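Colleague: Supplied structure: upload.cif, mmCIF, C-alpha atoms.
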```
data_target
loop_
_atom_site.label_atom_id
_atom_site.label_comp_id
_atom_site.auth_asym_id
_atom_site.auth_seq_id
_atom_site.Cartn_x
_atom_site.Cartn_y
_atom_site.Cartn_z
CA MET A 1 33.66 111.60 94.11
CA VAL A 2 34.95 112.27 97.59
CA VAL A 3 33.25 110.69 100.58
CA ALA A 4 33.87 110.99 104.30
CA ALA A 5 33.28 107.43 105.54
CA ALA A 6 35.00 104.17 104.64
CA TRP A 7 31.70 102.28 104.46
CA ARG A 8 30.64 104.57 101.61
CA VAL A 9 33.74 103.56 99.64
CA HIS A 10 32.90 99.88 99.98
CA VAL A 11 29.28 100.38 98.96
CA LEU A 12 30.14 102.57 95.98
CA VAL A 13 32.87 100.28 94.66
CA THR A 14 30.51 97.30 94.95
CA GLU A 15 27.61 99.14 93.30
CA LEU A 16 29.81 100.32 90.43
CA ALA A 17 31.16 96.79 89.91
CA GLN A 18 27.59 95.46 89.74
CA ARG A 19 27.01 97.96 86.92
CA GLY A 20 30.11 96.78 85.07
CA VAL A 21 32.18 99.85 85.95
CA ARG A 22 35.63 99.31 87.43
CA SER A 23 36.64 101.73 90.13
CA ASN A 24 39.32 102.36 92.70
CA TRP A 25 39.74 104.56 95.71
CA ALA A 26 42.45 106.41 97.57
CA PRO A 27 42.64 108.35 100.82
CA THR A 28 42.74 112.12 100.49
CA GLU A 29 44.89 114.59 102.38
CA ASP A 30 41.88 115.76 104.38
CA GLN A 31 41.17 112.25 105.77
CA ARG A 32 38.38 111.45 103.33
CA TYR A 33 38.29 109.02 100.40
CA ALA A 34 38.25 109.61 96.66
CA VAL A 35 36.35 107.03 94.61
CA ARG A 36 37.20 107.08 90.91
CA THR A 37 35.88 105.11 87.98
CA ALA A 38 38.15 103.65 85.36
CA TYR A 39 37.77 105.10 81.89
CA THR A 40 35.12 103.32 79.92
CA ARG A 41 33.28 104.33 76.78
CA THR A 42 29.97 103.40 78.39
CA ILE A 43 30.04 106.37 80.78
CA VAL A 44 31.36 108.96 78.30
CA PRO A 45 27.85 109.92 77.10
CA LEU A 46 26.67 110.19 80.70
CA ALA A 47 29.55 112.49 81.64
CA ALA A 48 29.00 114.59 78.52
CA ALA A 49 25.28 114.97 79.29
CA TRP A 50 26.12 116.46 82.71
CA LEU A 51 28.77 118.91 81.53
CA HIS A 52 27.74 122.44 80.55
CA GLY A 53 30.98 124.26 79.93
CA PRO A 54 33.10 124.00 83.08
CA THR A 55 30.14 123.15 85.34
CA GLN A 56 27.93 120.15 85.86
CA HIS A 57 24.14 120.28 85.66
CA PRO A 58 21.51 117.57 85.42
CA PRO A 59 20.74 116.83 81.77
CA PRO A 60 17.35 117.79 80.31
CA ASN A 61 14.60 115.41 81.44
CA PHE A 62 16.75 114.19 84.33
CA GLN A 63 15.03 111.41 86.26
CA LEU A 64 15.84 109.51 89.42
CA ASP A 65 15.18 105.82 89.80
CA GLY A 66 16.11 103.35 92.50
CA ARG A 67 19.56 102.58 91.08
CA ARG A 68 20.51 106.26 90.87
CA LEU A 69 19.07 107.03 94.29
CA ARG A 70 21.00 104.07 95.73
CA LEU A 71 24.27 105.59 94.51
CA TRP A 72 23.30 109.04 95.79
CA LEU A 73 22.34 107.67 99.20
CA ALA A 74 25.60 105.70 99.39
CA ALA A 75 27.66 108.74 98.43
CA ALA A 76 25.91 111.55 100.27
CA GLY A 77 22.84 110.38 102.18
CA VAL A 78 22.64 111.02 105.90
CA ALA A 79 20.12 109.73 108.40
CA ASP A 80 18.59 112.57 110.40
CA PRO A 81 15.97 110.54 112.29
CA PRO A 82 13.24 110.15 111.45
CA ASP A 83 14.18 111.74 108.11
CA PHE A 84 16.98 111.38 105.56
CA LEU A 85 19.09 114.08 104.00
CA LEU A 86 20.38 113.71 100.44
CA HIS A 87 23.28 116.16 100.18
CA LEU A 88 23.89 118.10 96.99
CA GLY A 89 27.22 119.01 95.44
CA GLY A 90 28.10 122.49 94.31
CA ASP A 91 26.47 125.79 95.00
CA ASP A 92 24.15 126.28 92.04
CA PRO A 93 20.45 126.67 92.94
CA ALA A 94 19.41 126.04 89.31
CA ARG A 95 20.95 122.57 89.58
CA TRP A 96 19.17 121.95 92.87
CA ALA A 97 15.77 122.78 91.39
CA ALA A 98 16.17 120.17 88.63
CA VAL A 99 17.14 117.55 91.20
CA GLY A 100 14.19 118.53 93.41
CA ALA A 101 11.82 118.10 90.48
CA ALA A 102 13.26 114.63 89.78
CA LEU A 103 12.82 113.68 93.44
CA ALA A 104 9.18 114.81 93.37
CA THR A 105 8.55 112.79 90.21
CA ALA A 106 9.94 109.73 91.99
CA GLY A 107 7.49 110.26 94.87
CA LEU A 108 10.09 111.82 97.16
CA ALA A 109 9.19 115.49 97.24
CA GLY A 110 11.74 116.90 99.64
CA GLU A 111 12.42 120.16 101.36
CA LEU A 112 15.59 121.96 100.28
CA VAL A 113 17.64 122.76 103.36
CA ALA A 114 20.74 124.83 102.86
CA THR A 115 22.20 124.86 106.33
CA GLY A 116 24.23 122.50 108.43
CA PRO A 117 27.32 120.41 107.91
CA GLY A 118 27.66 118.95 104.46
CA GLY A 119 26.03 121.91 102.74
CA PRO A 120 22.68 121.94 100.98
CA ALA A 121 20.50 118.86 100.96
CA TYR A 122 17.01 117.65 100.24
CA ARG A 123 15.23 116.44 103.36
CA ILE A 124 13.09 113.37 102.75
CA ALA A 125 10.64 113.66 105.63
CA GLY A 126 7.84 111.60 107.01
CA ARG A 127 7.17 107.91 107.31
CA HIS A 128 5.55 107.61 103.87
CA ARG A 129 8.44 109.24 101.99
CA THR A 130 11.09 107.46 104.04
CA ARG A 131 9.44 104.13 103.20
CA ARG A 132 9.30 105.17 99.55
CA LEU A 133 13.03 105.95 99.67
CA ALA A 134 13.69 102.53 101.24
CA GLU A 135 11.57 100.86 98.55
CA LEU A 136 13.47 102.61 95.76
CA VAL A 137 17.02 102.09 97.07
CA GLY A 138 16.49 98.48 98.10
CA GLU A 139 18.06 96.43 100.83
CA ARG A 140 20.82 97.84 102.97
CA PRO A 141 24.28 96.98 101.65
CA PRO A 142 26.29 94.86 104.12
CA ALA A 143 28.95 97.59 104.49
CA SER A 144 26.40 100.25 105.45
CA PRO A 145 25.66 100.82 109.13
CA PRO A 146 22.00 99.91 109.83
CA SER A 147 21.21 103.45 110.97
CA ALA A 148 22.58 104.94 107.73
CA TRP A 149 20.10 103.21 105.42
CA PRO A 150 16.32 103.67 105.30
CA SER A 151 14.09 100.81 106.38
CA ARG A 152 10.73 99.77 104.98
CA VAL A 153 9.46 99.18 108.52
#
```
Is it possible to give me this structure as structure tokens?
Modeller:
Amino acid sequence: MVVAAAWRVHVLVTELAQRGVRSNWAPTEDQRYAVRTAYTRTIVPLAAAWLHGPTQHPPPNFQLDGRRLRLWLAAAGVADPPDFLLHLGGDDPARWAAVGAALATAGLAGELVATGPGGPAYRIAGRHRTRRLAELVGERPPASPPSAWPSRV
């Protein structure tokens, strides 16, 4: 995945290592950072479940839990006080609907917003949902700026 901020690299590499997945990173030509996982048989089924021909889509019965949301927030979450935006990759509305349903199931029903820098995103709005997001993703990683991670307060 490609991320725009160095802190995201540090958080993602740490999170992947905690899951037993080796990774590395490299700067890109457009002044961002590419984070790559090493090949491992443990993630082959996961990658295969997401691939539908040349495109990626959430697998059937896709669910989001705290660990998955933590990675998503680290890779593409943006504070938009008092809310948070969880940016989506690609330009396929069918994919976005499946992700929106998984968010709602996790207690994070969000509004799909398709404008602004970074492309489409789900807005997690309101104190209750922001606290729920904080509860699910856990404590702020040391590399993350305090304003970039939701708080339970």
Colleague: Take the PyMOL selection byres ((chain A and resi 74-77) around 8), run it mentally on this structure, and tell me the resulting residues as a PDB file with C-alpha atoms, in the frame of the given file.
Modeller:
```pdb
ATOM      1  CA  MET A   1      33.660 111.600  94.110  1.00  0.00           C
ATOM      2  CA  VAL A   3      33.250 110.690 100.580  1.00  0.00           C
ATOM      3  CA  ARG A   8      30.640 104.570 101.610  1.00  0.00           C
ATOM      4  CA  VAL A  11      29.280 100.380  98.960  1.00  0.00           C
ATOM      5  CA  LEU A  12      30.140 102.570  95.980  1.00  0.00           C
ATOM      6  CA  ARG A  70      21.000 104.070  95.730  1.00  0.00           C
ATOM      7  CA  LEU A  71      24.270 105.590  94.510  1.00  0.00           C
ATOM      8  CA  TRP A  72      23.300 109.040  95.790  1.00  0.00           C
ATOM      9  CA  LEU A  73      22.340 107.670  99.200  1.00  0.00           C
ATOM     10  CA  VAL A  78      22.640 111.020 105.900  1.00  0.00           C
ATOM     11  CA  ALA A  79      20.120 109.730 108.400  1.00  0.00           C
ATOM     12  CA  PHE A  84      16.980 111.380 105.560  1.00  0.00           C
ATOM     13  CA  LEU A  85      19.090 114.080 104.000  1.00  0.00           C
ATOM     14  CA  LEU A  86      20.380 113.710 100.440  1.00  0.00           C
ATOM     15  CA  HIS A  87      23.280 116.160 100.180  1.00  0.00           C
ATOM     16  CA  LEU A  88      23.890 118.100  96.990  1.00  0.00           C
ATOM     17  CA  ALA A 148      22.580 104.940 107.730  1.00  0.00           C
TER      18      ALA A 148
END
```
Colleague: Could you expand the PyMOL selection byres ((chain A and resi 127) around 12) into the explicit residues it covers here, written as a ChimeraX atom specification?
Modeller: /A:81-84,108,124-126,128-134,150-153
Colleague: If you measure from atom CA of Ala4 of chain A to atom CA of Arg32 of chain A, what distance in Å do you get, rounded to one decimal?
Modeller: 4.6 Å
Colleague: For Ala97 of chain A, find every residue with an atom within 12 Å (counting only C-alpha atoms), except residues of its own chain fewer than 3 positions away, and show them as a VMD selection string.
Modeller: chain A and resid 57 to 58 62 88 91 to 94 100 to 104 109 to 112 120 to 122
Colleague: Please produce a file of those selected residues containing C-alpha atoms, as a short mmCIF file (atom, residue, chain, number, x, y, z; two decimals), in the frame of the given file.
Modeller:
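File produced: result_18.cif:
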```cif
data_model
loop_
_atom_site.label_atom_id
_atom_site.label_comp_id
_atom_site.auth_asym_id
_atom_site.auth_seq_id
_atom_site.Cartn_x
_atom_site.Cartn_y
_atom_site.Cartn_z
CA HIS A 57 24.14 120.28 85.66
CA PRO A 58 21.51 117.57 85.42
CA PHE A 62 16.75 114.19 84.33
CA LEU A 88 23.89 118.10 96.99
CA ASP A 91 26.47 125.79 95.00
CA ASP A 92 24.15 126.28 92.04
CA PRO A 93 20.45 126.67 92.94
CA ALA A 94 19.41 126.04 89.31
CA GLY A 100 14.19 118.53 93.41
CA ALA A 101 11.82 118.10 90.48
CA ALA A 102 13.26 114.63 89.78
CA LEU A 103 12.82 113.68 93.44
CA ALA A 104 9.18 114.81 93.37
CA ALA A 109 9.19 115.49 97.24
CA GLY A 110 11.74 116.90 99.64
CA GLU A 111 12.42 120.16 101.36
CA LEU A 112 15.59 121.96 100.28
CA PRO A 120 22.68 121.94 100.98
CA ALA A 121 20.50 118.86 100.96
CA TYR A 122 17.01 117.65 100.24
#
```
Colleague: Return the single residue from A:Val113, A:Ala98, A:Val2, A:Val21 that is closest to Arg41 of chain A, with distances computed using all atoms listed in the file.
Modeller: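 Residue with the minimum atom-to-atom distance to Arg41 of chain A: A:Val21.
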Colleague: Pull out every residue that the PyMOL selection byres ((chain A and resi 65) around 10) matches in the shown coordinates and put them as an NGL selection string.
Modeller: :A and (63-64 or 66-70 or 102-103 or 105-106 or 136-137)
Colleague: Write a file of the selected residues as a compact mmCIF listing (two decimals), keeping the file's coordinate frame, keeping C-alpha atoms.
Modeller:
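Once everything was written out, this is part.txt:
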```txt
# COMPACT_ATOMS: atom_id res chain seq x y z
CA GLN A 63 15.03 111.41 86.26
CA LEU A 64 15.84 109.51 89.42
CA GLY A 66 16.11 103.35 92.50
CA ARG A 67 19.56 102.58 91.08
CA ARG A 68 20.51 106.26 90.87
CA LEU A 69 19.07 107.03 94.29
CA ARG A 70 21.00 104.07 95.73
CA ALA A 102 13.26 114.63 89.78
CA LEU A 103 12.82 113.68 93.44
CA THR A 105 8.55 112.79 90.21
CA ALA A 106 9.94 109.73 91.99
CA LEU A 136 13.47 102.61 95.76
CA VAL A 137 17.02 102.09 97.07
```
Colleague: Any idea what the distance is between atom CA of Gly90 of chain A and atom CA of Pro54 of chain A?
Modeller: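 Going from atom CA of Gly90 of chain A over to atom CA of Pro54 of chain A covers 12.4 Å.
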Colleague: Between A:Gln31, A:Asp80, A:Gly107, A:Gly119, which is the closest to Trp149 of chain A once you count only C-alpha atoms?
Modeller: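 Nearest to Trp149 of chain A: A:Asp80.
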Colleague: So, counting only C-alpha atoms, which residue among A:Glu135, A:Arg19, A:Gly89, A:Pro146 is closest to Thr40 of chain A?
Modeller: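 Of the candidates, the smallest distance to Thr40 of chain A is held by A:Arg19.
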Colleague: For Tyr39 of chain A, please output as a ChimeraX atom specification all residues within 12 Å (counting all atoms listed in the file; exclusion window: fewer than 2 positions along the same chain).
Modeller: /A:20-24,36-37,41-44,47
Colleague: Have a look at atom CA of Arg95 of chain A and atom CA of His52 of chain A and let me know their distance in Å, one decimal.
Modeller: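 Separation of atom CA of Arg95 of chain A and atom CA of His52 of chain A: 11.3 Å.
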